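The structure file model_1.cif is reproduced below (mmCIF, C-alpha atoms).
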data_protein
#
loop_
_atom_site.label_atom_id
_atom_site.label_comp_id
_atom_site.auth_asym_id
_atom_site.auth_seq_id
_atom_site.Cartn_x
_atom_site.Cartn_y
_atom_site.Cartn_z
CA MET Y 1 -46.63 -21.91 -92.17
CA HIS Y 2 -44.90 -25.28 -92.28
CA GLU Y 3 -47.37 -26.91 -94.66
CA ALA Y 4 -44.84 -26.68 -97.52
CA SER Y 5 -42.30 -28.82 -95.67
CA VAL Y 6 -45.08 -31.21 -94.63
CA ALA Y 7 -46.23 -31.47 -98.28
CA ARG Y 8 -42.66 -32.14 -99.41
CA THR Y 9 -42.37 -35.01 -96.92
CA ILE Y 10 -45.75 -36.45 -98.02
CA LEU Y 11 -44.61 -36.39 -101.66
CA GLU Y 12 -41.32 -38.02 -100.76
CA ILE Y 13 -43.07 -40.84 -98.84
CA ALA Y 14 -45.63 -41.35 -101.65
CA GLU Y 15 -42.96 -41.45 -104.38
CA ARG Y 16 -40.78 -43.86 -102.44
CA THR Y 17 -43.77 -46.12 -101.77
CA GLY Y 18 -44.88 -45.94 -105.42
CA ALA Y 19 -41.38 -46.76 -106.70
CA ARG Y 20 -41.41 -50.03 -104.76
CA HIS Y 21 -44.38 -51.12 -106.88
CA GLY Y 22 -42.83 -50.58 -110.30
CA GLU Y 23 -44.09 -48.36 -113.12
CA VAL Y 24 -47.17 -46.91 -111.50
CA ARG Y 25 -49.01 -43.64 -111.59
CA ILE Y 26 -50.03 -42.31 -108.19
CA VAL Y 27 -53.68 -41.31 -108.34
CA ARG Y 28 -54.36 -40.41 -104.73
CA VAL Y 29 -52.40 -39.91 -101.53
CA HIS Y 30 -54.22 -40.50 -98.23
CA VAL Y 31 -53.07 -38.73 -95.09
CA VAL Y 32 -54.35 -38.57 -91.53
CA VAL Y 33 -53.71 -35.24 -89.82
CA GLY Y 34 -53.53 -35.18 -86.01
CA ALA Y 35 -55.87 -32.90 -84.07
CA LEU Y 36 -52.90 -31.15 -82.47
CA ALA Y 37 -50.65 -31.11 -85.54
CA HIS Y 38 -51.63 -27.53 -86.42
CA ILE Y 39 -51.82 -28.30 -90.12
CA ASP Y 40 -54.27 -26.30 -92.19
CA ASP Y 41 -56.05 -28.39 -94.85
CA ASP Y 42 -56.26 -25.68 -97.49
CA ALA Y 43 -52.63 -24.61 -97.05
CA LEU Y 44 -51.53 -28.25 -97.21
CA ARG Y 45 -53.52 -28.89 -100.43
CA PHE Y 46 -52.12 -25.71 -101.97
CA ALA Y 47 -48.53 -26.72 -101.11
CA PHE Y 48 -49.09 -30.31 -102.30
CA ASP Y 49 -50.43 -29.11 -105.67
CA ALA Y 50 -47.64 -26.57 -106.08
CA LEU Y 51 -44.87 -29.07 -105.31
CA LYS Y 52 -46.21 -32.19 -107.04
CA THR Y 53 -45.33 -31.17 -110.61
CA ASP Y 54 -42.42 -33.19 -111.99
CA THR Y 55 -42.93 -35.92 -109.40
CA ALA Y 56 -44.64 -39.30 -109.63
CA CYS Y 57 -47.56 -37.57 -107.89
CA ALA Y 58 -48.00 -35.00 -110.69
CA SER Y 59 -51.60 -36.04 -111.28
CA ALA Y 60 -52.37 -37.22 -107.75
CA SER Y 61 -54.95 -35.73 -105.44
CA LEU Y 62 -54.56 -35.43 -101.68
CA GLU Y 63 -57.17 -36.99 -99.39
CA ILE Y 64 -57.02 -35.51 -95.89
CA ASP Y 65 -58.61 -37.22 -92.90
CA LYS Y 66 -58.48 -34.57 -90.18
CA LYS Y 67 -58.73 -35.94 -86.66
CA ARG Y 68 -60.59 -33.94 -84.03
CA LEU Y 69 -59.78 -33.37 -80.37
CA VAL Y 70 -61.44 -35.73 -77.93
CA GLY Y 71 -62.77 -34.19 -74.74
CA SER Y 72 -63.90 -36.20 -71.74
CA CYS Y 73 -65.84 -34.99 -68.74
CA ARG Y 74 -64.63 -36.06 -65.30
CA ALA Y 75 -68.09 -35.53 -63.79
CA CYS Y 76 -70.30 -37.58 -66.15
CA ASP Y 77 -67.71 -39.53 -68.19
CA PHE Y 78 -69.19 -38.17 -71.42
CA SER Y 79 -66.73 -38.28 -74.32
CA PHE Y 80 -67.06 -35.98 -77.33
CA GLU Y 81 -65.18 -34.54 -80.29
CA ALA Y 82 -64.42 -30.88 -80.93
CA GLU Y 83 -62.34 -28.62 -83.15
CA ILE Y 84 -60.96 -26.65 -80.22
CA PRO Y 85 -61.12 -27.17 -76.45
CA SER Y 86 -64.04 -25.57 -74.65
CA ASP Y 87 -64.82 -24.70 -71.03
CA SER Y 88 -67.76 -26.98 -70.29
CA CYS Y 89 -69.18 -30.43 -71.01
CA PRO Y 90 -71.95 -30.33 -73.65
CA GLN Y 91 -73.89 -32.99 -71.71
CA CYS Y 92 -73.78 -31.96 -68.04
CA GLY Y 93 -72.11 -28.53 -68.18
CA GLY Y 94 -69.26 -29.73 -65.95
CA ALA Y 95 -66.06 -27.70 -66.15
CA GLU Y 96 -63.59 -30.48 -65.31
CA LEU Y 97 -62.59 -31.66 -68.75
CA SER Y 98 -59.55 -33.35 -70.15
CA TRP Y 99 -58.53 -33.18 -73.78
CA SER Y 100 -56.49 -35.43 -75.96
CA GLY Y 101 -55.39 -35.50 -79.56
CA ASP Y 102 -52.50 -36.69 -81.66
CA GLN Y 103 -49.72 -34.30 -82.65
CA GLU Y 104 -48.56 -36.73 -85.29
CA SER Y 105 -49.73 -37.00 -88.89
CA TYR Y 106 -49.30 -39.98 -91.17
CA VAL Y 107 -49.37 -41.02 -94.82
CA THR Y 108 -51.71 -44.03 -94.64
CA ALA Y 109 -52.05 -45.17 -98.26
CA ILE Y 110 -51.52 -44.37 -101.91
CA ASP Y 111 -53.83 -45.38 -104.75
CA VAL Y 112 -51.97 -46.33 -107.92
CA ASP Y 113 -52.74 -47.55 -111.43
CA ASP Y 114 -50.48 -49.15 -114.02
CA GLU Y 115 -50.08 -46.21 -116.34
CA PRO Y 116 -46.59 -44.70 -115.85
CA ALA Y 117 -46.63 -41.15 -114.56
CA ALA Y 118 -46.42 -38.58 -117.33
CA GLY Y 119 -43.86 -36.02 -116.24
CA GLY Y 120 -42.61 -38.36 -113.54
CA ARG Y 121 -38.92 -38.52 -112.82
CA PRO Y 122 -36.93 -40.84 -115.10
CA ARG Y 123 -36.17 -43.99 -113.19
CA GLU Y 124 -32.62 -44.36 -112.02
CA GLY Y 125 -30.47 -46.53 -114.27
CA GLY Y 126 -33.35 -46.80 -116.75
CA MET R 1 -61.08 -45.19 -119.76
CA ASN R 2 -60.77 -46.23 -116.15
CA LYS R 3 -57.80 -48.34 -115.29
CA PRO R 4 -58.09 -50.62 -112.29
CA GLU R 5 -56.60 -48.98 -109.25
CA ALA R 6 -54.75 -50.58 -106.42
CA THR R 7 -54.32 -49.26 -102.93
CA VAL R 8 -50.96 -49.57 -101.23
CA ARG R 9 -51.42 -49.27 -97.49
CA ILE R 10 -48.60 -47.80 -95.43
CA LEU R 11 -48.38 -46.00 -92.13
CA GLU R 12 -45.51 -43.57 -92.15
CA LYS R 13 -45.13 -40.62 -89.80
CA ILE R 14 -44.82 -37.37 -91.70
CA SER R 15 -42.29 -36.00 -89.23
CA LYS R 16 -40.05 -39.06 -89.65
CA VAL R 17 -37.00 -37.36 -91.20
CA ASN R 18 -36.88 -34.84 -88.36
CA ASP R 19 -37.44 -37.59 -85.77
CA VAL R 20 -34.46 -39.60 -87.02
CA ILE R 21 -32.13 -36.57 -86.67
CA ALA R 22 -33.70 -35.67 -83.30
CA SER R 23 -32.96 -39.12 -82.00
CA GLU R 24 -29.34 -38.89 -83.25
CA ASN R 25 -29.08 -35.50 -81.52
CA ARG R 26 -30.36 -37.06 -78.30
CA SER R 27 -27.62 -39.68 -78.28
CA ASP R 28 -24.94 -37.10 -79.22
CA PHE R 29 -26.11 -34.87 -76.37
CA ARG R 30 -26.08 -37.78 -73.96
CA ALA R 31 -22.52 -38.68 -74.99
CA ARG R 32 -21.43 -35.12 -74.19
CA ARG R 33 -23.62 -34.99 -71.04
CA LEU R 34 -25.40 -31.93 -72.43
CA SER R 35 -28.83 -31.05 -71.04
CA VAL R 36 -30.68 -29.39 -73.90
CA VAL R 37 -33.66 -27.21 -73.01
CA ASN R 38 -35.99 -26.24 -75.87
CA VAL R 39 -37.65 -22.92 -75.01
CA LEU R 40 -40.89 -22.18 -76.85
CA GLY R 41 -43.21 -19.18 -76.71
CA SER R 42 -44.63 -16.22 -78.60
CA PRO R 43 -42.46 -13.32 -79.79
CA GLY R 44 -42.20 -11.01 -76.79
CA SER R 45 -43.06 -13.64 -74.18
CA GLY R 46 -39.68 -13.00 -72.54
CA LYS R 47 -37.73 -16.08 -73.64
CA THR R 48 -34.35 -14.35 -74.03
CA THR R 49 -34.63 -12.41 -70.75
CA LEU R 50 -35.71 -15.60 -69.01
CA ILE R 51 -32.73 -17.55 -70.38
CA ALA R 52 -30.28 -14.83 -69.28
CA ALA R 53 -31.84 -14.56 -65.81
CA THR R 54 -31.92 -18.35 -65.38
CA ALA R 55 -28.29 -18.70 -66.51
CA GLU R 56 -27.29 -16.06 -63.94
CA ARG R 57 -28.86 -18.15 -61.19
CA LEU R 58 -27.34 -21.45 -62.29
CA GLY R 59 -24.09 -20.54 -60.55
CA GLY R 60 -21.57 -23.31 -61.09
CA ARG R 61 -23.24 -24.86 -64.14
CA SER R 62 -21.82 -24.17 -67.57
CA VAL R 63 -24.49 -22.67 -69.84
CA ALA R 64 -24.63 -22.03 -73.60
CA VAL R 65 -27.40 -20.85 -75.90
CA ILE R 66 -28.61 -21.51 -79.44
CA GLU R 67 -30.84 -18.68 -80.64
CA GLY R 68 -33.43 -19.18 -83.34
CA ASP R 69 -34.97 -16.22 -85.16
CA VAL R 70 -36.24 -15.52 -88.64
CA ALA R 71 -33.56 -12.83 -89.07
CA GLY R 72 -30.90 -10.86 -87.23
CA ARG R 73 -28.60 -11.63 -84.32
CA VAL R 74 -30.00 -9.29 -81.68
CA ASP R 75 -30.61 -12.09 -79.17
CA ALA R 76 -27.26 -13.85 -79.64
CA ASP R 77 -25.44 -10.52 -79.24
CA PHE R 78 -27.42 -9.75 -76.07
CA LEU R 79 -26.57 -13.13 -74.54
CA ALA R 80 -22.93 -12.87 -75.61
CA SER R 81 -22.83 -9.50 -73.82
CA LYS R 82 -23.86 -11.41 -70.67
CA GLY R 83 -20.86 -13.71 -71.15
CA LEU R 84 -22.82 -16.68 -72.51
CA PRO R 85 -21.52 -18.64 -75.51
CA ALA R 86 -24.26 -18.15 -78.12
CA VAL R 87 -24.85 -19.20 -81.71
CA GLN R 88 -27.56 -17.60 -83.82
CA ILE R 89 -29.66 -19.58 -86.29
CA ASN R 90 -31.56 -17.54 -88.88
CA THR R 91 -34.37 -19.54 -90.44
CA GLY R 92 -34.89 -16.99 -93.22
CA GLY R 93 -38.68 -17.11 -92.97
CA GLY R 94 -39.02 -20.59 -91.45
CA CYS R 95 -41.40 -20.60 -88.49
CA HIS R 96 -39.67 -23.20 -86.31
CA LEU R 97 -36.31 -24.82 -85.64
CA ASP R 98 -35.83 -28.42 -86.71
CA ALA R 99 -33.44 -31.08 -85.46
CA GLY R 100 -31.05 -30.60 -88.42
CA MET R 101 -30.63 -26.87 -87.71
CA VAL R 102 -29.82 -27.62 -84.07
CA ARG R 103 -27.30 -30.28 -85.07
CA GLU R 104 -25.49 -27.75 -87.30
CA ALA R 105 -25.56 -25.01 -84.65
CA MET R 106 -24.27 -27.39 -82.00
CA ARG R 107 -21.10 -27.94 -84.08
CA GLU R 108 -20.34 -24.22 -83.85
CA LEU R 109 -21.37 -23.74 -80.24
CA ALA R 110 -18.55 -23.57 -77.67
CA ALA R 111 -20.46 -25.61 -75.08
CA HIS R 112 -18.51 -27.49 -72.42
CA ASP R 113 -19.37 -31.13 -71.87
CA GLY R 114 -21.98 -31.35 -69.12
CA ALA R 115 -23.44 -27.91 -69.93
CA ILE R 116 -27.05 -26.85 -69.93
CA VAL R 117 -27.79 -25.67 -73.49
CA PHE R 118 -30.86 -23.51 -73.95
CA VAL R 119 -32.30 -23.55 -77.46
CA GLU R 120 -34.51 -20.52 -77.92
CA ASN R 121 -36.97 -21.48 -80.62
CA VAL R 122 -38.56 -19.11 -83.14
CA GLY R 123 -41.34 -17.08 -81.47
CA ASN R 124 -44.42 -19.08 -82.48
CA LEU R 125 -47.09 -21.09 -80.64
CA ILE R 126 -47.94 -23.32 -83.59
CA CYS R 127 -45.39 -25.34 -85.54
CA THR R 128 -42.58 -25.22 -82.98
CA ALA R 129 -44.68 -27.77 -81.07
CA GLY R 130 -44.38 -30.31 -83.88
CA TYR R 131 -40.59 -30.56 -84.09
CA ASP R 132 -38.56 -32.64 -81.66
CA LEU R 133 -35.02 -31.23 -81.50
CA GLY R 134 -33.62 -34.03 -79.35
CA GLU R 135 -34.03 -31.92 -76.23
CA ARG R 136 -34.26 -33.22 -72.67
CA VAL R 137 -36.71 -30.57 -71.45
CA ARG R 138 -39.38 -28.67 -73.37
CA VAL R 139 -40.32 -25.36 -71.75
CA LEU R 140 -43.17 -23.11 -72.77
CA ALA R 141 -42.98 -19.43 -71.77
CA LEU R 142 -46.35 -17.66 -71.71
CA SER R 143 -46.37 -14.03 -70.57
CA THR R 144 -49.32 -12.65 -68.62
CA PRO R 145 -50.21 -9.95 -71.23
CA GLU R 146 -50.85 -12.72 -73.78
CA GLY R 147 -53.93 -13.78 -71.81
CA ASP R 148 -55.13 -16.80 -69.82
CA ASP R 149 -57.16 -18.23 -72.74
CA LYS R 150 -54.16 -19.41 -74.78
CA PRO R 151 -54.45 -23.16 -73.99
CA TYR R 152 -57.77 -23.21 -75.83
CA LYS R 153 -56.39 -21.37 -78.82
CA TYR R 154 -53.07 -23.20 -79.19
CA PRO R 155 -53.70 -26.59 -77.59
CA GLY R 156 -50.80 -28.44 -79.27
CA ILE R 157 -48.05 -26.45 -77.63
CA PHE R 158 -49.57 -26.85 -74.15
CA ALA R 159 -50.10 -30.58 -74.67
CA GLY R 160 -46.45 -31.12 -75.64
CA ALA R 161 -44.61 -29.05 -73.00
CA GLU R 162 -43.09 -30.45 -69.82
CA VAL R 163 -42.90 -27.10 -68.01
CA LEU R 164 -44.97 -23.95 -68.33
CA LEU R 165 -43.41 -20.72 -67.14
CA ILE R 166 -45.90 -17.92 -66.65
CA THR R 167 -43.59 -14.97 -67.28
CA LYS R 168 -44.02 -11.28 -66.37
CA SER R 169 -46.05 -12.40 -63.35
CA ASP R 170 -45.74 -8.87 -61.94
CA LEU R 171 -48.00 -7.60 -64.74
CA ALA R 172 -50.87 -10.03 -64.03
CA PRO R 173 -53.05 -7.56 -62.05
CA TYR R 174 -52.65 -4.86 -64.70
CA VAL R 175 -53.67 -7.03 -67.64
CA GLY R 176 -56.44 -9.04 -65.97
CA PHE R 177 -54.57 -12.34 -66.12
CA ASP R 178 -56.13 -15.15 -64.07
CA ALA R 179 -53.28 -17.55 -63.26
CA GLU R 180 -55.56 -20.18 -61.70
CA ALA R 181 -57.83 -20.26 -64.77
CA LEU R 182 -54.78 -20.59 -67.01
CA LYS R 183 -53.40 -23.48 -64.94
CA GLU R 184 -56.71 -25.33 -65.03
CA ARG R 185 -57.03 -24.93 -68.81
CA ALA R 186 -53.44 -25.96 -69.43
CA ARG R 187 -53.80 -29.03 -67.19
CA SER R 188 -56.98 -30.11 -68.97
CA LEU R 189 -54.71 -30.67 -71.98
CA ASN R 190 -51.68 -31.86 -70.06
CA PRO R 191 -52.33 -33.15 -66.51
CA ASP R 192 -48.61 -33.60 -65.72
CA LEU R 193 -47.58 -30.08 -66.71
CA VAL R 194 -45.18 -28.47 -64.20
CA ILE R 195 -46.02 -24.77 -63.78
CA PHE R 196 -44.04 -21.88 -62.29
CA GLU R 197 -45.01 -18.21 -62.12
CA VAL R 198 -41.89 -16.13 -62.64
CA CYS R 199 -40.75 -12.56 -63.06
CA ALA R 200 -37.21 -12.26 -64.40
CA ARG R 201 -36.98 -8.57 -63.50
CA SER R 202 -37.91 -8.82 -59.82
CA GLY R 203 -36.61 -12.37 -59.45
CA GLU R 204 -39.95 -13.60 -58.07
CA GLY R 205 -40.36 -17.34 -58.57
CA MET R 206 -37.00 -17.65 -60.32
CA ASP R 207 -35.28 -19.67 -57.58
CA ALA R 208 -38.00 -22.33 -57.53
CA TRP R 209 -37.77 -22.68 -61.34
CA ARG R 210 -33.96 -22.74 -61.20
CA ASP R 211 -33.99 -25.47 -58.52
CA TRP R 212 -36.39 -27.59 -60.57
CA LEU R 213 -34.31 -27.15 -63.74
CA ALA R 214 -31.00 -27.87 -62.02
CA ALA R 215 -32.45 -31.11 -60.61
CA ARG R 216 -33.98 -32.09 -63.97
CA CYS R 217 -30.69 -31.37 -65.73
CA GLY R 218 -28.59 -33.20 -63.16
CA GLU R 219 -25.85 -35.46 -64.43
CA GLU R 220 -27.34 -38.76 -65.52
#
Please rewrite the model in this file as structure tokens.
Amino acid sequence: MHEASVARTILEIAERTGARHGEVRIVRVHVVVGALAHIDDDALRFAFDALKTDTACASASLEIDKKRLVGSCRACDFSFEAEIPSDSCPQCGGAELSWSGDQESYVTAIDVDDEPAAGGRPREGG
Amino acid sequence: MNKPEATVRILEKISKVNDVIASENRSDFRARRLSVVNVLGSPGSGKTTLIAATAERLGGRSVAVIEGDVAGRVDADFLASKGLPAVQINTGGGCHLDAGMVREAMRELAAHDGAIVFVENVGNLICTAGYDLGERVRVLALSTPEGDDKPYKYPGIFAGAEVLLITKSDLAPYVGFDAEALKERARSLNPDLVIFEVCARSGEGMDAWRDWLAARCGEE
């Protein structure tokens, strides 16, 4: 279970990004999770919600775009998506498949509005 | 009342903090001519036995070990009893080692410059795959009793390894392990994967693995 450390990093990236844009409230944090990152959506949401209190993301929601594995068949060139690798091509039944997917995950965007975050950290030197 | 929202687009890797330390580790290791080998695998896959048996066969090379476990120092004590310098990391519940833990352990480890340093990761086929430690070689140990279907269940760890060691090869006939099926499945995720079948107890396959490792960890 490393979702807690992943959530902490997401919050840190979102807060740092938000701080560059002045007094904003972070409404939503968008992340893309790699097919091979082994990150569970529910565990990540749970950790994000548990850790976001007292941060600029206190009222933010987490939007997860989970990428799927891409399989390709060497016999018929068919390309398809799947949750987990399987033994045969869904089109021709061929067994010679190759699989690819990203191990990396990214924070891709934050949505902000102008209302300062209630419960957010006091700004340094402010 | 709805306030107008703005979207700030960024693209930042979530593992970035670890990656920065891993890359610092890599240059520190290079400066000391250390070849760091990150050993991944399930609990009970034979990682510690494999490290001890490999070290024994490395003859002239200096070897040291960093041991990662949730608790205890059973493995470090075992390796120390074999005459290997060993430092134990206890993650206290953490399921993987990260680059920062290895950096700390390396400060304590009595490794000679030019040594091969095995880092035995926490027994886990999931999150260990996501953390670069700054290693030169990433090894996955999969024992035959675990089954030949593991690439389909834990694809990330097979996709990210450079070498797969099928350990306890002597048990394959007793547990119905199909090595050829395993190799095919693993290579469908990672076509360049180097694979050895080894048995640390009988020594079968160990020389071929040792020769490969010694060449891969040659002085740069």
For Y:Gly101, work out the shell of residues within 8 Å, counting only C-alpha atoms and skipping chain neighbours fewer than 3 positions away, then give it as a PyMOL selection string. chain Y and resi 34-36+67-70
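Near chain Y, the residues of chain R that fall inside 8 Å (using only C-alpha atoms) are Lys3, Pro4, Glu5, Ala6, Thr7, Val8, Arg9, Ile10, Leu11, Glu12, Lys13, Ile14, Ser15, Gly94, Cys95, Ile126, Cys127, Gly130, Tyr152, Lys153, Pro155, Gly156, Arg187, Ser188, Leu189 and Asn190 of chain R.
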Selection result for the PyMOL selection byres ((chain R and resi 19-36) around 8) on this file, as a PyMOL selection string: chain R and resi 15-18+37-38+99-100+103+113-119+131-137+217+219-220
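Atom CA of Y:Glu23 sits 9.7 Å away from atom CA of Y:Ala56.
Counting from atom CA of R:Glu104, the distance to atom CA of R:Ala71 is 17.1 Å.
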Taking the file as shown, find all residues satisfying the PyMOL selection byres ((chain R and resi 81-93) around 9) and write them as a ChimeraX atom specification. /R:52,55-56,63-80,94-97,101-102,105-106,108-111,122
Can you list, as a PDB file with C-alpha atoms, in the frame of the given file, every protein, DNA or RNA residue that comes within 7 Å of stretch 157-166 of chain R when you count all atoms listed in the file, leaving out same-chain residues fewer than 5 positions away?
ATOM      1  CA  LEU R 125     -47.090 -21.090 -80.640  1.00  0.00           C
ATOM      2  CA  ILE R 126     -47.940 -23.320 -83.590  1.00  0.00           C
ATOM      3  CA  ALA R 129     -44.680 -27.770 -81.070  1.00  0.00           C
ATOM      4  CA  VAL R 137     -36.710 -30.570 -71.450  1.00  0.00           C
ATOM      5  CA  ARG R 138     -39.380 -28.670 -73.370  1.00  0.00           C
ATOM      6  CA  VAL R 139     -40.320 -25.360 -71.750  1.00  0.00           C
ATOM      7  CA  LEU R 140     -43.170 -23.110 -72.770  1.00  0.00           C
ATOM      8  CA  ALA R 141     -42.980 -19.430 -71.770  1.00  0.00           C
ATOM      9  CA  LEU R 142     -46.350 -17.660 -71.710  1.00  0.00           C
ATOM     10  CA  SER R 143     -46.370 -14.030 -70.570  1.00  0.00           C
ATOM     11  CA  THR R 144     -49.320 -12.650 -68.620  1.00  0.00           C
ATOM     12  CA  PRO R 151     -54.450 -23.160 -73.990  1.00  0.00           C
ATOM     13  CA  ALA R 186     -53.440 -25.960 -69.430  1.00  0.00           C
ATOM     14  CA  LEU R 189     -54.710 -30.670 -71.980  1.00  0.00           C
ATOM     15  CA  ASN R 190     -51.680 -31.860 -70.060  1.00  0.00           C
ATOM     16  CA  LEU R 193     -47.580 -30.080 -66.710  1.00  0.00           C
ATOM     17  CA  VAL R 194     -45.180 -28.470 -64.200  1.00  0.00           C
ATOM     18  CA  ILE R 195     -46.020 -24.770 -63.780  1.00  0.00           C
ATOM     19  CA  PHE R 196     -44.040 -21.880 -62.290  1.00  0.00           C
ATOM     20  CA  GLU R 197     -45.010 -18.210 -62.120  1.00  0.00           C
ATOM     21  CA  VAL R 198     -41.890 -16.130 -62.640  1.00  0.00           C
TER      22      VAL R 198
END
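Counting from atom CA of Y:Ser61, the distance to atom CA of Y:Leu11 is 11.0 Å.
Evaluating the PyMOL selection byres ((chain Y and resi 78) around 10) against the shown model yields Y:Gly71, Y:Ser72, Y:Cys73, Y:Arg74, Y:Ala75, Y:Cys76, Y:Asp77, Y:Ser79, Y:Phe80, Y:Cys89, Y:Pro90, Y:Gln91, Y:Cys92, Y:Leu97.
Each of Y:Ala4, Y:Glu15, Y:Cys57, Y:Lys66 was compared to Y:Arg45 using all atoms listed in the file, and Y:Ala4 turns out to be the nearest.
Residue nearest R:Asp207, chosen from R:Asp148, R:Ala53, R:Arg107, R:Lys168 and counting all atoms listed in the file: R:Ala53.
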